[in-house]
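Have a look at model_14.txt; it's compact mmCIF, C-alpha atoms and all ligand atoms:
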```txt
# COMPACT_ATOMS: atom_id res chain seq x y z
CA MET A 1 -15.06 14.91 13.79
CA PRO A 2 -16.31 12.42 11.19
CA ALA A 3 -17.37 9.01 12.44
CA MET A 4 -13.96 7.64 13.35
CA SER A 5 -12.45 7.78 9.89
CA LEU A 6 -9.04 8.10 11.48
CA THR A 7 -8.36 5.26 13.84
CA THR A 8 -5.56 3.83 15.90
CA THR A 9 -7.69 1.11 17.40
CA PRO A 10 -7.23 -2.43 16.12
CA PRO A 11 -10.06 -4.04 14.17
CA PRO A 12 -12.35 -5.83 16.62
CA GLY A 13 -11.65 -9.24 15.21
CA GLY A 14 -10.29 -11.14 18.22
CA ALA A 15 -7.73 -13.93 18.16
CA ASP A 16 -9.50 -16.07 15.54
CA ALA A 17 -9.75 -13.18 13.09
CA THR A 18 -6.07 -12.38 13.63
CA ARG A 19 -5.09 -15.98 12.99
CA ALA A 20 -7.22 -16.10 9.83
CA ALA A 21 -5.76 -12.82 8.60
CA LEU A 22 -2.20 -14.04 9.15
CA ALA A 23 -3.00 -17.27 7.31
CA TRP A 24 -4.26 -15.08 4.48
CA THR A 25 -1.19 -12.79 4.35
CA HIS A 26 0.99 -15.93 4.47
CA THR A 27 -0.34 -16.90 1.02
CA ALA A 28 1.54 -13.96 -0.58
CA ARG A 29 3.69 -15.10 -3.53
CA PHE A 30 5.80 -13.32 -6.10
CA LEU A 31 3.95 -12.61 -9.33
CA THR A 32 6.00 -10.29 -11.52
CA THR A 33 8.25 -7.26 -11.61
CA ALA A 34 8.04 -4.09 -13.70
CA SER A 35 10.33 -1.15 -14.29
CA ARG A 36 7.65 0.90 -16.02
CA LEU A 37 3.97 1.40 -15.35
CA ASP A 38 2.95 0.09 -18.76
CA GLN A 39 4.63 -3.22 -17.88
CA LEU A 40 2.27 -3.79 -14.96
CA PRO A 41 -0.42 -6.33 -15.80
CA ALA A 42 -4.01 -5.18 -16.12
CA HIS A 43 -6.21 -7.13 -13.73
CA GLU A 44 -9.45 -6.87 -11.80
CA LEU A 45 -8.09 -7.46 -8.29
CA PRO A 46 -7.73 -4.75 -5.67
CA GLU A 47 -4.12 -3.63 -5.51
CA ILE A 48 -2.41 -2.53 -2.30
CA ALA A 49 0.78 -0.49 -2.61
CA PHE A 50 3.56 -0.61 -0.01
CA VAL A 51 5.59 2.58 0.07
CA GLY A 52 8.25 4.04 2.32
CA ARG A 53 11.61 5.76 2.52
CA SER A 54 14.40 3.34 1.88
CA ASN A 55 15.51 1.79 5.17
CA ALA A 56 12.13 2.47 6.82
CA GLY A 57 11.70 -1.27 7.28
CA LYS A 58 9.38 -1.93 4.32
CA SER A 59 10.92 -5.22 3.13
CA THR A 60 11.10 -6.52 6.68
CA ALA A 61 7.47 -5.54 7.28
CA ILE A 62 6.27 -7.32 4.11
CA ASN A 63 8.26 -10.43 4.98
CA THR A 64 6.96 -10.37 8.55
CA LEU A 65 3.35 -9.93 7.42
CA ALA A 66 3.76 -12.80 4.97
CA GLN A 67 5.75 -14.84 7.48
CA GLN A 68 8.29 -15.54 4.77
CA ARG A 69 11.95 -14.69 5.06
CA GLN A 70 12.75 -13.81 1.47
CA LEU A 71 9.53 -12.60 -0.15
CA ALA A 72 10.30 -8.89 -0.39
CA PHE A 73 14.02 -9.25 -0.85
CA ALA A 74 13.69 -9.52 -4.61
CA SER A 75 13.41 -5.75 -4.36
CA LYS A 76 16.83 -5.64 -2.67
CA THR A 77 18.64 -7.52 -5.43
CA PRO A 78 21.00 -5.23 -7.36
CA GLY A 79 19.23 -4.07 -10.50
CA ARG A 80 15.84 -4.75 -8.98
CA THR A 81 15.80 -1.97 -6.40
CA GLN A 82 13.96 0.38 -8.74
CA HIS A 83 11.25 -1.98 -9.82
CA ILE A 84 7.67 -2.44 -8.75
CA ASN A 85 7.34 -6.00 -7.49
CA LEU A 86 3.89 -7.55 -7.49
CA PHE A 87 2.73 -10.28 -5.14
CA GLU A 88 -0.49 -12.21 -5.37
CA VAL A 89 -2.47 -12.94 -2.18
CA GLY A 90 -5.36 -15.32 -1.44
CA PRO A 91 -6.17 -18.82 -2.69
CA ARG A 92 -4.10 -19.82 -5.73
CA GLU A 93 -7.17 -20.52 -7.90
CA THR A 94 -8.96 -17.35 -6.80
CA PRO A 95 -6.45 -14.67 -5.75
CA GLN A 96 -8.08 -11.82 -3.84
CA ALA A 97 -5.52 -9.03 -3.96
CA LEU A 98 -2.22 -7.93 -5.42
CA TRP A 99 0.40 -6.28 -3.27
CA ALA A 100 2.69 -3.85 -5.06
CA ASP A 101 6.04 -3.26 -3.39
CA LEU A 102 7.11 0.16 -4.69
CA PRO A 103 10.79 1.18 -4.65
CA GLY A 104 11.99 2.81 -1.45
CA TYR A 105 12.46 6.54 -1.98
CA GLY A 106 15.12 8.92 -0.72
CA TYR A 107 18.11 6.59 -0.99
CA ALA A 108 21.09 8.94 -1.09
CA ALA A 109 23.29 6.83 -3.39
CA VAL A 110 20.81 6.80 -6.29
CA ALA A 111 21.77 9.17 -9.11
CA ARG A 112 19.63 12.30 -9.34
CA ALA A 113 18.24 11.55 -12.80
CA SER A 114 17.20 8.10 -11.73
CA LYS A 115 15.59 9.48 -8.56
CA LEU A 116 13.57 11.96 -10.57
CA ARG A 117 12.44 9.30 -13.03
CA TRP A 118 11.26 7.11 -10.20
CA GLN A 119 9.54 9.92 -8.45
CA GLU A 120 7.54 10.42 -11.66
CA VAL A 121 6.73 6.72 -11.95
CA MET A 122 5.54 6.54 -8.36
CA ALA A 123 3.57 9.76 -8.59
CA ASP A 124 1.80 8.47 -11.74
CA TYR A 125 1.18 5.10 -10.16
CA LEU A 126 -0.38 6.63 -7.03
CA ARG A 127 -2.43 9.15 -8.97
CA VAL A 128 -3.89 6.96 -11.69
CA ARG A 129 -3.51 3.23 -11.04
CA ARG A 130 -7.10 2.17 -11.51
CA ASN A 131 -7.14 -0.84 -9.18
CA LEU A 132 -5.34 0.91 -6.35
CA ALA A 133 -7.51 0.15 -3.32
CA GLY A 134 -5.10 0.93 -0.52
CA VAL A 135 -1.68 2.30 0.36
CA VAL A 136 0.45 1.07 3.26
CA GLN A 137 3.04 3.70 4.09
CA MET A 138 5.98 2.74 6.28
CA VAL A 139 7.24 5.65 8.38
CA ASP A 140 10.10 5.24 10.85
CA SER A 141 8.48 5.83 14.25
CA ARG A 142 11.60 7.65 15.48
CA HIS A 143 11.59 10.23 12.69
CA GLY A 144 7.89 10.61 11.88
CA PHE A 145 6.76 12.01 8.50
CA THR A 146 9.69 13.57 6.65
CA ASP A 147 9.26 16.04 3.78
CA LEU A 148 9.67 13.17 1.32
CA ASP A 149 7.01 11.11 3.10
CA ARG A 150 4.61 14.03 2.92
CA GLN A 151 5.42 14.57 -0.74
CA LEU A 152 4.67 10.95 -1.54
CA LEU A 153 1.46 11.14 0.45
CA SER A 154 0.44 14.24 -1.49
CA PHE A 155 0.39 12.23 -4.75
CA VAL A 156 -2.35 9.96 -3.45
CA ALA A 157 -3.99 12.40 -1.00
CA PRO A 158 -6.93 13.38 -3.27
CA ARG A 159 -7.89 9.71 -3.64
CA VAL A 160 -7.61 9.17 0.13
CA VAL A 161 -9.71 12.24 0.87
CA ASN A 162 -12.53 11.05 -1.43
CA GLY A 163 -12.41 7.49 -0.06
CA GLU A 164 -11.26 5.86 -3.30
CA VAL A 165 -7.98 4.70 -1.73
CA LYS A 166 -7.58 3.59 1.89
CA LEU A 167 -4.47 4.42 3.87
CA LEU A 168 -2.63 2.54 6.60
CA VAL A 169 0.47 4.07 8.15
CA LEU A 170 2.82 1.69 9.96
CA LEU A 171 5.08 3.50 12.41
CA THR A 172 7.98 1.09 12.07
CA LYS A 173 10.77 0.02 14.45
CA ALA A 174 8.54 0.93 17.40
CA ASP A 175 10.74 -1.34 19.54
CA LYS A 176 13.34 1.44 19.48
CA LEU A 177 11.01 3.77 21.41
CA ASN A 178 9.81 3.66 25.01
CA ARG A 179 6.10 3.89 25.79
CA LYS A 180 6.07 7.65 26.12
CA GLU A 181 7.94 8.11 22.84
CA GLN A 182 5.58 5.66 21.12
CA ALA A 183 2.56 7.69 22.27
CA GLU A 184 4.22 10.88 21.04
CA SER A 185 5.09 9.31 17.65
CA LEU A 186 1.47 8.21 17.26
CA ARG A 187 0.18 11.65 18.20
CA ARG A 188 2.41 13.41 15.68
CA ALA A 189 1.42 11.03 12.89
CA GLN A 190 -2.26 11.53 13.73
CA GLU A 191 -1.75 15.26 13.44
CA VAL A 192 -0.30 14.90 9.93
CA LEU A 193 -3.00 12.49 8.79
CA GLY A 194 -5.77 14.55 10.37
CA GLU A 195 -5.44 16.82 7.34
CA LEU A 196 -6.68 13.99 5.11
CA SER A 197 -9.51 12.90 7.37
CA THR A 198 -13.00 13.31 5.89
CA GLU A 199 -16.37 11.55 6.07
CA GLU A 200 -15.24 9.36 3.18
CA SER A 201 -11.62 8.64 4.11
CA ASP A 202 -10.45 5.41 5.73
CA ILE A 203 -7.14 6.02 7.48
CA GLY A 204 -5.44 3.81 10.04
CA ILE A 205 -2.21 4.24 11.98
CA THR A 206 -0.48 1.61 14.02
CA LEU A 207 2.82 1.28 15.87
CA PHE A 208 4.66 -1.56 14.21
CA SER A 209 7.70 -3.64 15.06
CA SER A 210 8.81 -6.61 13.04
CA LEU A 211 11.38 -7.34 15.73
CA LYS A 212 8.92 -7.41 18.65
CA ARG A 213 5.95 -8.51 16.53
CA GLN A 214 3.93 -5.44 17.44
CA GLY A 215 1.01 -4.40 15.23
CA ILE A 216 1.42 -7.33 12.82
CA GLY A 217 -1.93 -9.01 13.50
CA ASP A 218 -3.73 -5.68 13.27
CA ALA A 219 -2.07 -4.81 9.97
CA ALA A 220 -2.86 -8.29 8.56
CA GLU A 221 -6.52 -7.92 9.54
CA ILE A 222 -6.76 -4.52 7.90
CA LEU A 223 -5.12 -5.79 4.69
CA GLN A 224 -7.48 -8.74 4.50
CA GLN A 225 -10.48 -6.52 5.18
CA TRP A 226 -9.43 -4.16 2.40
CA ALA A 227 -9.15 -7.00 -0.08
CA LEU A 228 -12.54 -8.41 0.78
CA GLU A 229 -14.30 -5.05 0.77
CA ALA A 230 -12.74 -3.67 -2.38
CA GLN A 231 -15.04 -3.38 -5.31
CA VAL A 232 -13.05 -2.82 -8.47
CA LEU A 233 -15.25 -1.35 -11.14
CA PRO A 234 -15.52 -3.39 -14.33
CA ASP A 235 -13.93 -1.88 -17.40
CA PHE A 236 -15.95 0.99 -18.75
CA THR A 237 -17.19 0.13 -22.23
CA PRO A 238 -18.30 3.25 -24.08
CA ALA A 239 -21.58 3.14 -25.96
CA PRO A 240 -21.10 3.08 -29.74
CA ALA A 241 -20.78 6.49 -31.32
CA PRO A 242 -23.94 7.62 -33.19
CA ASP A 243 -22.28 7.08 -36.59
CA GLU A 244 -21.39 3.49 -35.76
CA ALA A 245 -24.89 2.89 -34.44
CA ASP A 246 -26.28 4.12 -37.77
CA ASP A 247 -24.13 1.52 -39.52
CA ALA A 248 -25.63 -1.31 -37.52
CA PRO A 249 -27.25 -3.95 -39.81
CA ALA A 250 -30.58 -3.68 -37.96
CA ALA A 251 -30.89 -0.06 -38.98
CA GLU A 252 -32.14 -0.79 -42.53
CA GLN A 253 -33.74 2.03 -44.38
CA PRO A 254 -37.23 1.35 -45.74
P1 LIG B 1 13.57 -1.05 3.57
O1 LIG B 1 14.71 -0.39 2.89
O2 LIG B 1 12.48 -0.08 3.91
O3 LIG B 1 13.05 -2.26 2.85
O4 LIG B 1 14.13 -1.51 5.02
P2 LIG B 1 14.55 -2.95 5.57
O5 LIG B 1 13.38 -3.81 5.77
O6 LIG B 1 15.66 -3.49 4.76
O7 LIG B 1 15.09 -2.52 7.01
C1 LIG B 1 16.11 -1.56 7.17
C2 LIG B 1 16.86 -1.82 8.46
O8 LIG B 1 16.00 -1.68 9.57
C3 LIG B 1 17.43 -3.23 8.54
O9 LIG B 1 18.68 -3.17 9.18
C4 LIG B 1 16.42 -3.96 9.41
O10 LIG B 1 17.00 -5.04 10.12
C5 LIG B 1 15.96 -2.87 10.35
N1 LIG B 1 14.59 -3.13 10.82
C6 LIG B 1 13.52 -3.41 10.05
N2 LIG B 1 12.42 -3.58 10.84
C7 LIG B 1 12.82 -3.39 12.11
C8 LIG B 1 12.14 -3.43 13.38
O11 LIG B 1 10.95 -3.70 13.51
N3 LIG B 1 12.89 -3.15 14.48
C9 LIG B 1 14.22 -2.85 14.42
N4 LIG B 1 14.84 -2.56 15.55
N5 LIG B 1 14.88 -2.82 13.25
C10 LIG B 1 14.20 -3.09 12.10
```
Just dump the structure as structure tokens.
Amino acid sequence: MPAMSLTTTPPPGGADATRAALAWTHTARFLTTASRLDQLPAHELPEIAFVGRSNAGKSTAINTLAQQRQLAFASKTPGRTQHINLFEVGPRETPQALWADLPGYGYAAVARASKLRWQEVMADYLRVRRNLAGVVQMVDSRHGFTDLDRQLLSFVAPRVVNGEVKLLVLLTKADKLNRKEQAESLRRAQEVLGELSTEESDIGITLFSSLKRQGIGDAAEILQQWALEAQVLPDFTPAPAPDEADDAPAAEQP
């Protein structure tokens, strides 16, 4: 077993760290919305994507983490449900992370063509978004990982396995389960995520309830840690091609 790459234990921050992390998540504010990947702004901040089946409790979780009632409900407005909504987090002058609220998947009433288009957009986003530092996946604790959840996870799995993208799974609505069922839900999720666990991977799972405020401090601490740790590589600037170099004024012929 690699050195605890898969963990269900909370970060060892203590009450002060939890308070600081919640103050940090509270700074989240709406930045912009995009219906296509090429509309997303380029930036140098670590980006954290929130994903989940529709109705898994994603909007409620984001609002609870940010301690704001309406933050994630832009994504519920008709016409906005299939957009990526970006939030900025950290001090206003020096933001430290962007949160990307991705559309909930698996909503039965969405037309098939539109579902397929969005599946493509999300798959591309998870596979190639350069700044993607972490993914928070909301999974209903009563149902565990469905086929669709696994499919979504598979898009980003290679980047989780090699440590490029961190993963936090929130087992939502844990208040609906008794203690024994909670332990079982956690065990089953660990089994699924065990497949992605390597020396490099950073995977966390926590029972989460917006209603009973379970797991919120832990999730906030992890999100803040991710933002502070993330090192986004500067843009790669290719060296000039040999021809161009030959044209340089310094290269005068004798
Ligand atoms: P989304 O579609 O994933 O954004 O889901 P929502 O956040 O809109 O939540 C879907 C439903 O689950 C709503 O009726 C919420 O009130 C309910 N819900 C969300 N979080 C919790 C929770 O922690 N406990 C319980 N019991 N219900 C929740």
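Note that CA of Leu211 in chain A and atom P1 of ligand LIG 1 (chain B) are 13.9 Å apart.
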Point out the residue among A:Val89, A:Leu37, A:Glu200, A:Gln182 with the least atom-to-atom distance to Val128 in chain A, counting only C-alpha atoms.
A:Leu37
Report, as AutoDock Vina command-line options, the axis-aligned box around all atoms of ligand LIG 1 (chain B) present in the file, extended by 8 Å on each side; give centre and edge lengths in Å to one decimal place.
```
--center_x 14.8 --center_y -2.6 --center_z 9.2 --size_x 23.7 --size_y 21.0 --size_z 28.7
```
Distance criterion (only C-alpha atoms): nearest to Tyr105 in chain A out of A:Asn85, A:Ser201, A:Gln151, A:Asn63
A:Gln151
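Closest approach to Ala219 in chain A among A:Asn178, A:Gly204, A:Pro46, A:Pro158 is made by A:Gly204 (distances from only C-alpha atoms).
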Which is closest to ligand LIG 1 (chain B) among A:Ser59, A:Gln225, A:Thr206, A:Ser197, if we use all atoms listed in the file?
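Distance minimum relative to ligand LIG 1 (chain B) lands on A:Ser59.
Residues in contact with Ile48 in chain A at 10 Å, where only C-alpha atoms are counted and same-chain residues fewer than 3 positions away are skipped, are listed as Leu45, Val51, Leu86, Phe87, Ala97, Leu98, Trp99, Ala100, Asp101, Asn131, Leu132, Ala133, Gly134, Val135, Val136, Val165, Lys166, Leu167, Leu223, Trp226 and Ala227 of chain A.
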